[in-house]
Each structure stands twice: as structure tokens, then as C-alpha cells.
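A.B. asks: Pasting coords.json here (JSON, C-alpha atoms):
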```
[["chain", "number", "residue", "atom", "x", "y", "z"],
["A", 1132, "MET", "CA", 16.62, 6.30, 3.34],
["A", 1133, "ILE", "CA", 13.99, 7.20, 5.87],
["A", 1134, "PRO", "CA", 15.30, 6.61, 9.36],
["A", 1135, "ALA", "CA", 12.98, 4.82, 11.73],
["A", 1136, "ALA", "CA", 9.85, 6.92, 12.04],
["A", 1137, "VAL", "CA", 8.66, 6.07, 15.50],
["A", 1138, "GLY", "CA", 5.12, 7.24, 15.53],
["A", 1139, "GLU", "CA", 5.89, 10.88, 15.26],
["A", 1140, "GLY", "CA", 3.96, 13.50, 13.38],
["A", 1141, "ALA", "CA", 0.83, 15.49, 13.95],
["A", 1142, "GLY", "CA", -1.54, 12.80, 12.73],
["A", 1143, "GLY", "CA", -4.52, 13.07, 10.46],
["A", 1144, "ALA", "CA", -8.11, 13.98, 11.06],
["A", 1145, "GLN", "CA", -8.78, 10.62, 12.76],
["A", 1146, "GLY", "CA", -5.53, 10.73, 14.69],
["A", 1147, "VAL", "CA", -3.88, 8.29, 12.32],
["A", 1148, "ASN", "CA", -0.38, 9.17, 11.30],
["A", 1149, "THR", "CA", 0.24, 8.07, 7.71],
["A", 1150, "ILE", "CA", 3.84, 7.22, 6.90],
["A", 1151, "THR", "CA", 4.53, 6.73, 3.21],
["A", 1152, "ILE", "CA", 7.57, 4.61, 2.45],
["A", 1153, "GLY", "CA", 9.29, 5.07, -0.89],
["A", 1154, "ILE", "CA", 11.45, 2.68, -2.88],
["A", 1155, "GLY", "CA", 14.52, 1.70, -0.89],
["A", 1156, "GLU", "CA", 13.12, 3.11, 2.34],
["A", 1157, "TYR", "CA", 11.80, 1.66, 5.56],
["A", 1158, "ALA", "CA", 9.93, 2.82, 8.63],
["A", 1159, "ILE", "CA", 9.00, 1.59, 12.06],
["A", 1160, "SER", "CA", 6.00, 2.65, 14.11],
["A", 1161, "ALA", "CA", 5.88, 1.85, 17.80],
["A", 1162, "GLN", "CA", 2.98, 2.27, 20.23],
["A", 1163, "SER", "CA", 1.19, 4.68, 18.00],
["A", 1164, "ASP", "CA", -1.73, 4.78, 15.62],
["A", 1165, "SER", "CA", 0.06, 4.84, 12.31],
["A", 1166, "LEU", "CA", -0.60, 3.60, 8.84],
["A", 1167, "LEU", "CA", 2.52, 2.46, 7.02],
["A", 1168, "VAL", "CA", 1.95, 2.75, 3.29],
["A", 1169, "THR", "CA", 3.96, 1.91, 0.23],
["A", 1170, "HIS", "CA", 2.99, 2.07, -3.44],
["A", 1171, "ALA", "CA", 4.34, 0.91, -6.80],
["A", 1172, "LEU", "CA", 5.53, -2.50, -5.67],
["A", 1173, "GLY", "CA", 6.35, -4.05, -9.01],
["A", 1174, "SER", "CA", 9.35, -6.33, -8.87],
["A", 1175, "CYS", "CA", 10.24, -4.72, -5.53],
["A", 1176, "VAL", "CA", 9.26, -6.53, -2.34],
["A", 1177, "ALA", "CA", 7.76, -5.11, 0.83],
["A", 1178, "VAL", "CA", 8.69, -6.84, 4.07],
["A", 1179, "CYS", "CA", 6.03, -6.08, 6.66],
["A", 1180, "ILE", "CA", 6.48, -6.96, 10.32],
["A", 1181, "TRP", "CA", 4.14, -6.59, 13.27],
["A", 1182, "ASP", "CA", 4.37, -7.55, 16.92],
["A", 1183, "PRO", "CA", 0.84, -7.73, 18.35],
["A", 1184, "GLN", "CA", 2.02, -7.47, 21.94],
["A", 1185, "ALA", "CA", 4.50, -4.62, 21.60],
["A", 1186, "ARG", "CA", 2.36, -2.96, 18.89],
["A", 1187, "VAL", "CA", 5.42, -2.37, 16.78],
["A", 1188, "ALA", "CA", 5.01, -2.35, 13.01],
["A", 1189, "GLY", "CA", 7.62, -2.03, 10.30],
["A", 1190, "LEU", "CA", 7.73, -1.88, 6.55],
["A", 1191, "LEU", "CA", 10.66, -2.10, 4.15],
["A", 1192, "HIS", "CA", 10.35, -1.53, 0.40],
["A", 1193, "PHE", "CA", 13.46, -3.00, -1.18],
["A", 1194, "LEU", "CA", 14.47, -2.94, -4.82],
["A", 1195, "LEU", "CA", 17.18, -5.54, -5.38],
["A", 1196, "PRO", "CA", 18.28, -8.75, -3.68],
["A", 1197, "ASP", "CA", 21.97, -8.18, -3.03],
["A", 1198, "ALA", "CA", 23.95, -5.10, -2.03],
["A", 1199, "SER", "CA", 27.36, -6.61, -2.75],
["A", 1200, "GLU", "CA", 27.56, -5.17, -6.26],
["A", 1201, "HIS", "CA", 26.34, -1.76, -5.15],
["A", 1202, "SER", "CA", 28.84, -0.73, -2.50],
["A", 1203, "THR", "CA", 28.08, 2.99, -2.55],
["A", 1204, "ARG", "CA", 24.31, 2.69, -2.58],
["A", 1205, "SER", "CA", 24.38, -0.01, 0.07],
["A", 1206, "VAL", "CA", 25.81, 2.62, 2.43],
["A", 1207, "THR", "CA", 23.70, 5.59, 1.37],
["A", 1208, "GLN", "CA", 20.50, 3.60, 0.94],
["A", 1209, "PRO", "CA", 20.74, 0.18, 2.63],
["A", 1210, "GLY", "CA", 16.97, -0.18, 2.41],
["A", 1211, "ALA", "CA", 17.28, -0.63, -1.35],
["A", 1212, "PHE", "CA", 18.58, -4.20, -0.92],
["A", 1213, "ALA", "CA", 17.25, -7.30, 0.80],
["A", 1214, "SER", "CA", 20.68, -8.18, 2.16],
["A", 1215, "THR", "CA", 21.10, -4.86, 3.99],
["A", 1216, "GLY", "CA", 17.52, -3.63, 4.35],
["A", 1217, "ILE", "CA", 15.98, -6.63, 6.07],
["A", 1218, "PRO", "CA", 18.58, -6.75, 8.88],
["A", 1219, "LEU", "CA", 18.19, -3.00, 9.30],
["A", 1220, "LEU", "CA", 14.41, -3.27, 9.49],
["A", 1221, "PHE", "CA", 14.57, -5.93, 12.20],
["A", 1222, "GLU", "CA", 17.35, -4.28, 14.19],
["A", 1223, "THR", "CA", 15.41, -1.01, 14.27],
["A", 1224, "ALA", "CA", 12.23, -2.82, 15.23],
["A", 1225, "TYR", "CA", 14.01, -4.68, 18.03],
["A", 1226, "ARG", "CA", 15.09, -1.36, 19.50],
["A", 1227, "SER", "CA", 11.44, -0.34, 19.55],
["A", 1228, "GLY", "CA", 10.41, -3.48, 21.42],
["A", 1229, "LEU", "CA", 9.57, -6.00, 18.71],
["A", 1230, "HIS", "CA", 10.31, -9.62, 19.60],
["A", 1231, "LYS", "CA", 11.21, -11.99, 16.79],
["A", 1232, "ALA", "CA", 9.28, -14.90, 18.27],
["A", 1233, "ARG", "CA", 6.06, -12.85, 18.31],
["A", 1234, "ALA", "CA", 6.53, -11.06, 15.02],
["A", 1235, "ARG", "CA", 4.25, -11.70, 12.10],
["A", 1236, "VAL", "CA", 6.12, -11.30, 8.86],
["A", 1237, "TYR", "CA", 4.61, -10.78, 5.43],
["A", 1238, "LEU", "CA", 6.16, -10.56, 1.97],
["A", 1239, "ILE", "CA", 4.33, -8.62, -0.72],
["A", 1240, "GLY", "CA", 5.37, -7.80, -4.27],
["A", 1241, "GLY", "CA", 7.99, -9.55, -6.37],
["A", 1242, "ALA", "CA", 5.94, -9.32, -9.55],
["A", 1243, "GLU", "CA", 7.48, -9.42, -13.00],
["A", 1244, "MET", "CA", 7.21, -6.23, -15.01],
["A", 1245, "PRO", "CA", 8.46, -7.29, -18.47],
["A", 1246, "HIS", "CA", 6.61, -4.50, -20.24],
["A", 1247, "LEU", "CA", 8.78, -1.93, -18.47],
["A", 1248, "GLY", "CA", 11.86, -3.46, -20.07],
["A", 1249, "VAL", "CA", 14.32, -2.01, -17.58],
["A", 1250, "ALA", "CA", 14.41, -4.50, -14.75],
["A", 1251, "PRO", "CA", 16.79, -7.48, -14.83],
["A", 1252, "ARG", "CA", 15.23, -10.81, -15.78],
["A", 1253, "GLN", "CA", 13.14, -12.48, -13.09],
["A", 1254, "ILE", "CA", 14.11, -9.80, -10.62],
["A", 1255, "GLY", "CA", 10.79, -10.12, -8.81],
["A", 1256, "LYS", "CA", 11.36, -13.80, -8.20],
["A", 1257, "ARG", "CA", 14.98, -13.19, -7.19],
["A", 1258, "ASN", "CA", 13.89, -10.52, -4.73],
["A", 1259, "THR", "CA", 11.35, -12.86, -3.16],
["A", 1260, "LEU", "CA", 13.86, -15.71, -2.92],
["A", 1261, "ALA", "CA", 16.46, -13.42, -1.35],
["A", 1262, "ALA", "CA", 13.99, -12.33, 1.32],
["A", 1263, "ARG", "CA", 12.88, -15.90, 2.01],
["A", 1264, "ARG", "CA", 16.49, -17.11, 2.30],
["A", 1265, "LEU", "CA", 17.50, -14.31, 4.64],
["A", 1266, "LEU", "CA", 14.47, -14.72, 6.89],
["A", 1267, "TRP", "CA", 14.88, -18.50, 7.08],
["A", 1268, "ALA", "CA", 18.60, -18.15, 7.86],
["A", 1269, "ASN", "CA", 17.64, -15.93, 10.76],
["A", 1270, "GLY", "CA", 14.91, -18.19, 12.08],
["A", 1271, "VAL", "CA", 11.94, -16.15, 10.91],
["A", 1272, "MET", "CA", 8.85, -17.81, 9.47],
["A", 1273, "ILE", "CA", 6.69, -15.96, 6.98],
["A", 1274, "ALA", "CA", 3.07, -15.66, 8.04],
["A", 1275, "ARG", "CA", 1.85, -15.02, 4.52],
["A", 1276, "GLU", "CA", 3.08, -14.07, 1.07],
["A", 1277, "GLU", "CA", 1.36, -12.26, -1.75],
["A", 1278, "VAL", "CA", 4.08, -12.40, -4.37],
["A", 1279, "GLY", "CA", 4.67, -12.92, -8.07],
["A", 1280, "GLY", "CA", 2.29, -12.32, -10.91],
["A", 1281, "LEU", "CA", 2.29, -9.36, -13.26],
["A", 1282, "VAL", "CA", 0.39, -6.76, -11.27],
["A", 1283, "PRO", "CA", 1.94, -3.99, -9.17],
["A", 1284, "ARG", "CA", 0.73, -3.74, -5.60],
["A", 1285, "SER", "CA", 0.22, -1.21, -2.83],
["A", 1286, "VAL", "CA", 0.39, -2.08, 0.85],
["A", 1287, "TYR", "CA", -1.21, -0.50, 3.93],
["A", 1288, "LEU", "CA", -0.19, -1.74, 7.39],
["A", 1289, "CYS", "CA", -1.97, -0.49, 10.52],
["A", 1290, "SER", "CA", 0.43, -0.36, 13.43],
["A", 1291, "ARG", "CA", -2.33, -0.58, 16.05],
["A", 1292, "THR", "CA", -4.18, -3.63, 14.76],
["A", 1293, "GLY", "CA", -1.69, -5.26, 12.41],
["A", 1294, "ARG", "CA", -4.34, -5.20, 9.72],
["A", 1295, "LEU", "CA", -2.68, -5.48, 6.34],
["A", 1296, "ARG", "CA", -4.42, -4.38, 3.18],
["A", 1297, "ILE", "CA", -2.97, -5.17, -0.20],
["A", 1298, "LYS", "CA", -4.22, -3.56, -3.38],
["A", 1299, "ALA", "CA", -3.29, -5.44, -6.54],
["A", 1300, "GLY", "CA", -4.93, -3.90, -9.57],
["A", 1301, "HIS", "CA", -8.65, -3.97, -8.82],
["A", 1302, "GLN", "CA", -8.25, -6.66, -6.20],
["A", 1303, "HIS", "CA", -8.12, -5.90, -2.47],
["A", 1304, "ILE", "CA", -6.78, -8.45, -0.01],
["A", 1305, "VAL", "CA", -7.14, -7.91, 3.72],
["A", 1306, "ILE", "CA", -5.10, -9.88, 6.24],
["A", 1307, "GLU", "CA", -6.23, -9.45, 9.83],
["B", 526, "MET", "CA", 1.36, -40.99, 22.98],
["B", 527, "SER", "CA", 0.61, -37.55, 24.31],
["B", 528, "THR", "CA", -3.03, -36.76, 25.02],
["B", 529, "ALA", "CA", -5.08, -34.58, 22.77],
["B", 530, "ALA", "CA", -5.73, -32.26, 25.70],
["B", 531, "ALA", "CA", -2.02, -31.52, 25.97],
["B", 532, "LYS", "CA", -2.14, -30.21, 22.40],
["B", 533, "SER", "CA", 1.49, -30.99, 21.89],
["B", 534, "LEU", "CA", 2.90, -33.14, 19.12],
["B", 535, "ASN", "CA", 5.86, -35.49, 19.37],
["B", 536, "LEU", "CA", 7.32, -35.89, 15.91],
["B", 537, "LEU", "CA", 9.30, -38.51, 14.05],
["B", 538, "VAL", "CA", 11.18, -37.19, 11.02],
["B", 539, "VAL", "CA", 12.37, -39.87, 8.59],
["B", 540, "ASP", "CA", 14.71, -38.90, 5.77],
["B", 541, "ASP", "CA", 18.07, -40.22, 4.59],
["B", 542, "SER", "CA", 19.30, -36.64, 4.20],
["B", 543, "ALA", "CA", 20.56, -35.23, 7.49],
["B", 544, "MET", "CA", 20.18, -31.75, 6.04],
["B", 545, "MET", "CA", 16.52, -32.35, 5.26],
["B", 546, "ARG", "CA", 15.90, -33.74, 8.75],
["B", 547, "ALA", "CA", 17.56, -30.67, 10.23],
["B", 548, "MET", "CA", 15.45, -28.36, 8.08],
["B", 549, "LEU", "CA", 12.22, -30.11, 9.09],
["B", 550, "THR", "CA", 13.19, -30.03, 12.73],
["B", 551, "ARG", "CA", 14.04, -26.35, 12.54],
["B", 552, "ALA", "CA", 10.80, -25.52, 10.76],
["B", 553, "ALA", "CA", 8.82, -27.37, 13.42],
["B", 554, "ARG", "CA", 10.65, -25.58, 16.23],
["B", 555, "LEU", "CA", 10.17, -22.18, 14.58],
["B", 556, "SER", "CA", 6.51, -22.80, 13.86],
["B", 557, "GLY", "CA", 5.41, -21.34, 17.18],
["B", 558, "LEU", "CA", 3.24, -24.42, 17.67],
["B", 559, "PRO", "CA", 3.40, -26.72, 20.70],
["B", 560, "ILE", "CA", 5.91, -29.31, 19.57],
["B", 561, "GLY", "CA", 7.28, -31.85, 22.03],
["B", 562, "ALA", "CA", 10.11, -34.25, 21.25],
["B", 563, "ILE", "CA", 11.39, -34.54, 17.70],
["B", 564, "HIS", "CA", 12.96, -37.91, 16.87],
["B", 565, "GLU", "CA", 14.96, -38.55, 13.72],
["B", 566, "ALA", "CA", 15.52, -41.65, 11.62],
["B", 567, "ALA", "CA", 17.50, -42.12, 8.41],
["B", 568, "ASN", "CA", 15.27, -44.88, 6.95],
["B", 569, "GLY", "CA", 12.11, -46.86, 7.56],
["B", 570, "GLN", "CA", 13.80, -49.51, 9.64],
["B", 571, "GLU", "CA", 15.22, -46.96, 12.08],
["B", 572, "ALA", "CA", 11.80, -45.32, 12.18],
["B", 573, "LEU", "CA", 10.08, -48.56, 13.16],
["B", 574, "ALA", "CA", 12.59, -49.08, 15.98],
["B", 575, "LEU", "CA", 11.83, -45.62, 17.28],
["B", 576, "LEU", "CA", 8.08, -46.12, 17.01],
["B", 577, "GLU", "CA", 8.44, -49.22, 19.20],
["B", 578, "THR", "CA", 10.14, -47.30, 21.99],
["B", 579, "GLN", "CA", 9.11, -43.65, 21.77],
["B", 580, "SER", "CA", 5.89, -41.73, 22.06],
["B", 581, "VAL", "CA", 5.18, -40.32, 18.61],
["B", 582, "ASP", "CA", 2.11, -38.41, 17.46],
["B", 583, "ALA", "CA", 3.06, -37.47, 13.92],
["B", 584, "LEU", "CA", 5.33, -39.06, 11.34],
["B", 585, "PHE", "CA", 6.96, -37.07, 8.52],
["B", 586, "THR", "CA", 8.59, -39.46, 6.09],
["B", 587, "ASP", "CA", 10.47, -39.30, 2.83],
["B", 588, "LEU", "CA", 9.74, -42.07, 0.32],
["B", 589, "ASN", "CA", 13.00, -42.85, -1.44],
["B", 590, "MET", "CA", 15.41, -44.09, 1.22],
["B", 591, "PRO", "CA", 17.89, -46.95, 1.50],
["B", 592, "VAL", "CA", 17.30, -50.03, 3.70],
["B", 593, "MET", "CA", 13.55, -49.45, 3.95],
["B", 594, "THR", "CA", 11.59, -46.97, 1.85],
["B", 595, "GLY", "CA", 8.92, -44.66, 3.16],
["B", 596, "MET", "CA", 6.22, -46.59, 1.34],
["B", 597, "GLU", "CA", 7.34, -49.84, 2.97],
["B", 598, "LEU", "CA", 7.34, -48.10, 6.32],
["B", 599, "LEU", "CA", 3.80, -46.81, 5.79],
["B", 600, "ARG", "CA", 2.65, -50.26, 4.69],
["B", 601, "ILE", "CA", 4.04, -51.91, 7.82],
["B", 602, "ILE", "CA", 2.52, -49.25, 10.06],
["B", 603, "ASP", "CA", -0.81, -49.78, 8.33],
["B", 604, "GLU", "CA", -0.68, -53.58, 8.52],
["B", 605, "ARG", "CA", 0.42, -53.82, 12.15],
["B", 606, "ASN", "CA", -2.24, -51.44, 13.38],
["B", 607, "SER", "CA", -0.14, -50.79, 16.47],
["B", 608, "TRP", "CA", -0.25, -47.04, 16.02],
["B", 609, "PRO", "CA", -3.85, -46.25, 14.98],
["B", 610, "GLY", "CA", -3.65, -42.60, 16.05],
["B", 611, "LEU", "CA", -0.35, -41.87, 14.33],
["B", 612, "LEU", "CA", -0.66, -38.91, 11.94],
["B", 613, "ARG", "CA", 1.21, -39.65, 8.72],
["B", 614, "VAL", "CA", 2.70, -37.08, 6.36],
["B", 615, "VAL", "CA", 4.79, -37.82, 3.27],
["B", 616, "ILE", "CA", 7.49, -35.43, 2.08],
["B", 617, "SER", "CA", 8.87, -36.48, -1.27],
["B", 618, "ALA", "CA", 10.40, -35.16, -4.46],
["B", 619, "ASP", "CA", 8.21, -37.66, -6.29],
["B", 620, "GLY", "CA", 4.88, -35.96, -6.74],
["B", 621, "SER", "CA", 3.50, -38.47, -9.24],
["B", 622, "ALA", "CA", -0.14, -39.48, -9.02],
["B", 623, "ALA", "CA", 0.90, -43.11, -8.50],
["B", 624, "LYS", "CA", 2.92, -42.25, -5.41],
["B", 625, "ARG", "CA", 0.24, -39.94, -4.05],
["B", 626, "ASP", "CA", -2.44, -42.57, -4.54],
["B", 627, "GLY", "CA", -0.22, -45.19, -2.92],
["B", 628, "ALA", "CA", 0.33, -42.97, 0.11],
["B", 629, "ASP", "CA", -3.38, -42.13, 0.32],
["B", 630, "ALA", "CA", -4.22, -45.82, 0.39],
["B", 631, "LEU", "CA", -1.94, -46.19, 3.41],
["B", 632, "ASN", "CA", -3.78, -43.57, 5.44],
["B", 633, "THR", "CA", -1.44, -40.67, 4.78],
["B", 634, "LEU", "CA", -3.05, -37.38, 5.76],
["B", 635, "ARG", "CA", -0.86, -34.98, 3.79],
["B", 636, "TYR", "CA", 1.58, -35.17, 0.92],
["B", 637, "ILE", "CA", 4.20, -32.43, 0.68],
["B", 638, "GLU", "CA", 6.24, -32.23, -2.49],
["B", 639, "LYS", "CA", 9.91, -31.23, -2.40],
["B", 640, "PRO", "CA", 11.13, -28.59, -2.74],
["B", 641, "PHE", "CA", 8.89, -26.93, -0.21],
["B", 642, "LYS", "CA", 8.91, -23.77, 1.86],
["B", 643, "PRO", "CA", 9.44, -24.15, 5.62],
["B", 644, "GLU", "CA", 6.06, -22.51, 6.12],
["B", 645, "ALA", "CA", 4.45, -25.57, 4.51],
["B", 646, "ILE", "CA", 5.59, -27.63, 7.48],
["B", 647, "ARG", "CA", 4.13, -25.10, 9.89],
["B", 648, "ASP", "CA", 0.81, -25.12, 8.03],
["B", 649, "VAL", "CA", 0.59, -28.91, 8.07],
["B", 650, "LEU", "CA", 1.46, -29.04, 11.76],
["B", 651, "ALA", "CA", -1.19, -26.43, 12.51],
["B", 652, "ALA", "CA", -3.74, -28.51, 10.63],
["B", 653, "LEU", "CA", -2.74, -31.65, 12.53],
["B", 654, "LEU", "CA", -3.15, -29.90, 15.87]]
```
Represent the structure contained in this file as C-alpha cells.

C.D. replies:
Amino acid sequence: MIPAAVGEGAGGAQGVNTITIGIGEYAISAQSDSLLVTHALGSCVAVCIWDPQARVAGLLHFLLPDASEHSTRSVTQPGAFASTGIPLLFETAYRSGLHKARARVYLIGGAEMPHLGVAPRQIGKRNTLAARRLLWANGVMIAREEVGGLVPRSVYLCSRTGRLRIKAGHQHIVIE
Amino acid sequence: MSTAAAKSLNLLVVDDSAMMRAMLTRAARLSGLPIGAIHEAANGQEALALLETQSVDALFTDLNMPVMTGMELLRIIDERNSWPGLLRVVISADGSAAKRDGADALNTLRYIEKPFKPEAIRDVLAALL
């Protein structure tokens, strides 16, 4: 797990601090010029959040819907599961100033990767449904989803502007 | 009826399922859009009684309900012409072309098929505003 990365780091040539989030990890950027990036979203789902007023951005890359059958990993890597990672993402973001009522929430990923032959059946769909259920139960509306299909995705979230870029194969989707 | 300048919608949610009414109400409240009062009715007859006494801008109605169906409700609203500015939205598990065409003929603006995501309610409300 990556603990909340709150805009630290030396920054790049343009002063943008790139934070790369791996599978089962999450990060928060607050009041800084950061780019939250995650790659290889197959059946995994990225939950992206952004508060335009507080300029707080967060990204979680979770792997499986439910932590209940993975008691050890749910403690060592809570970001691997929707059921533990999503609450953790929001709680950390709240501490950095994000307000739920202002937050824009996006779901990306949840594709099916049958050719890999290792993931449980329909795990992409189950991941997406788990995220939707958890967000709805906590009174959070989803601003936009880019989920399903058969193509892995990469996500780039700018903490300053909230601009979200999604790369799916050769297709680029930009959400301002 | 609230004025257009106020940009706030009073809603009437008509469904025989209390759970569905609660979900619609919650989705409307969470939408972040200016929503005023939200009235609830369990069938078309209750809805008509509320329309007579309350200020309602938008109606969200199920079709298959006891006592008075949603289609009967829409027909009466259309025939009476007492609520010309009322925005009408159908939410139904029956997505057949016949039902959609029937609702269209009764001046329904949108047709949402069950099951639906809560965000669909937000998107329709945003379009109505």
C-alpha cells in the first residue's frame, strides 16, 4: 500500500509531481500540482475523486470486490479491495479537505480479460458493481464511468484542474 | 408551480414500491441539483390527488401499479390539460416498444427502464432543468 501521498516530492521539469499508483494502492494529492497515474487497469477498477474547491484529488486502483475472504491481505493491503480501499480513499481525502458533496467521482476499468485466463469469471463486472454499491450506500453519485469492454486502460488525473485522461488501447478520452 | 427563474423542481414520485420511491427520492437529493419538495404516491389515484393540491414541476411515474396504472394517470393528465407545464418521466421495467410509444403519445419526455443506475435520475433531472 502507498500511504496518502500529499503532494510531496521534488516535481518534474514543469513542476508537476507524478505519482504512479500500482495495483492495490491509492494516493491523495492536496493543494499541489500533481498527476496521479495508474496503468494496467484490466478487470481492476480505478476510483478517481476530485474536489474542485479544495483541489484535492485521489486515486485508488483496486483488484477485487470484497476483502472478507482475504483477511490477511485486507490488513496489509486494504487498497486491493473495493470494500476496504474505497472507504480508505475517502477517509484520507477527507483529512486533506475533500468534501463529499463537492467531490466528483469517476469509475474506470472493470474490463473482462478472458484471454489472461487467471481472473475469476466476470470479475471486472463484479468489481464495478461493488464500487457502485458502496458509493451509493454512502450517498455518493458517480459523475462518469468508463467501464467494461475488453481493453485495458490507463488513467491520468491532474490534481490542479481535475482533468481526467483515459487511455484505452488507441483511444483517448478526456474528461474536463 | 415554481417559476422557471427559481430553477428548482418540485417532484412527484409515483411507484407502488416504497423502496423504489425512496431510491428515487435519495437519487434526486444526492444529485446536487436544485430540488424543492418531493411528494410520493403509491398509485395514479394518489398522484392525481396530490397534483390537485401541491405544486409539482416534474412527475416520475411507474406504469404497473394497482388502483390506477401509470398509463391511466398519464392519459388523465393529458386529457384534463390542467397541468400543461408538468414534465413527465416514466420509470418502468417494461421497456417494450408498445409501452414506450404509448408513453410518447401522452407527452412523456423521458422513459427510464428498470433497473437503472441512480445517476440516470440525476441526468434526467439535469436535462429537465

A.B. asks: Please find the residues of chain B near chain A - the criterion being any atom within 10 Å, counting only C-alpha atoms - and write them as a ChimeraX atom specification.

C.D. replies: /B:548,551-552,554-557,642-644,647-648

A.B. asks: Store the residues of this selection in a file with C-alpha atoms, as a PDB file, in the coordinates of the input.

C.D. replies:
```
ATOM      1  CA  MET B 548      15.450 -28.360   8.080  1.00  0.00           C
ATOM      2  CA  ARG B 551      14.040 -26.350  12.540  1.00  0.00           C
ATOM      3  CA  ALA B 552      10.800 -25.520  10.760  1.00  0.00           C
ATOM      4  CA  ARG B 554      10.650 -25.580  16.230  1.00  0.00           C
ATOM      5  CA  LEU B 555      10.170 -22.180  14.580  1.00  0.00           C
ATOM      6  CA  SER B 556       6.510 -22.800  13.860  1.00  0.00           C
ATOM      7  CA  GLY B 557       5.410 -21.340  17.180  1.00  0.00           C
ATOM      8  CA  LYS B 642       8.910 -23.770   1.860  1.00  0.00           C
ATOM      9  CA  PRO B 643       9.440 -24.150   5.620  1.00  0.00           C
ATOM     10  CA  GLU B 644       6.060 -22.510   6.120  1.00  0.00           C
ATOM     11  CA  ARG B 647       4.130 -25.100   9.890  1.00  0.00           C
ATOM     12  CA  ASP B 648       0.810 -25.120   8.030  1.00  0.00           C
TER      13      ASP B 648
END
```

A.B. asks: List the spatial neighbours of Thr586 in chain B as a list of chain:residue names - criterion: any atom at most 9 Å away, only C-alpha atoms, same-chain residues fewer than 2 positions off excluded.

C.D. replies: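 The neighbour list is B:Leu537, B:Val538, B:Val539, B:Asp540, B:Asn568, B:Gly569, B:Leu584, B:Leu588, B:Gly595, B:Met596, B:Leu598, B:Leu599, B:Arg613, B:Val614, B:Val615, B:Ile616, B:Ser617.
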
A.B. asks: Between CA of Gln1162 in chain A and CA of Arg1291 in chain A, what distance in Å does the model show, to one decimal?

C.D. replies: 7.3 Å

A.B. asks: Would you kindly return, as a VMD selection string, each protein, DNA or RNA residue with an atom no farther than 9 Å from any atom of Leu1166 in chain A, considering all atoms listed in the file and excluding same-chain residues fewer than 6 positions away?

C.D. replies: chain A and resid 1147 to 1151 1160 1287 to 1291

A.B. asks: Please provide as a list in words all residues within 9 Å of Arg1257 in chain A, with the sequence filter that same-chain residues fewer than 6 positions apart are discarded (counting only C-alpha atoms).

C.D. replies: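 Counting only the stated atoms, we get Leu1195, Pro1196 and Gly1241 of chain A.
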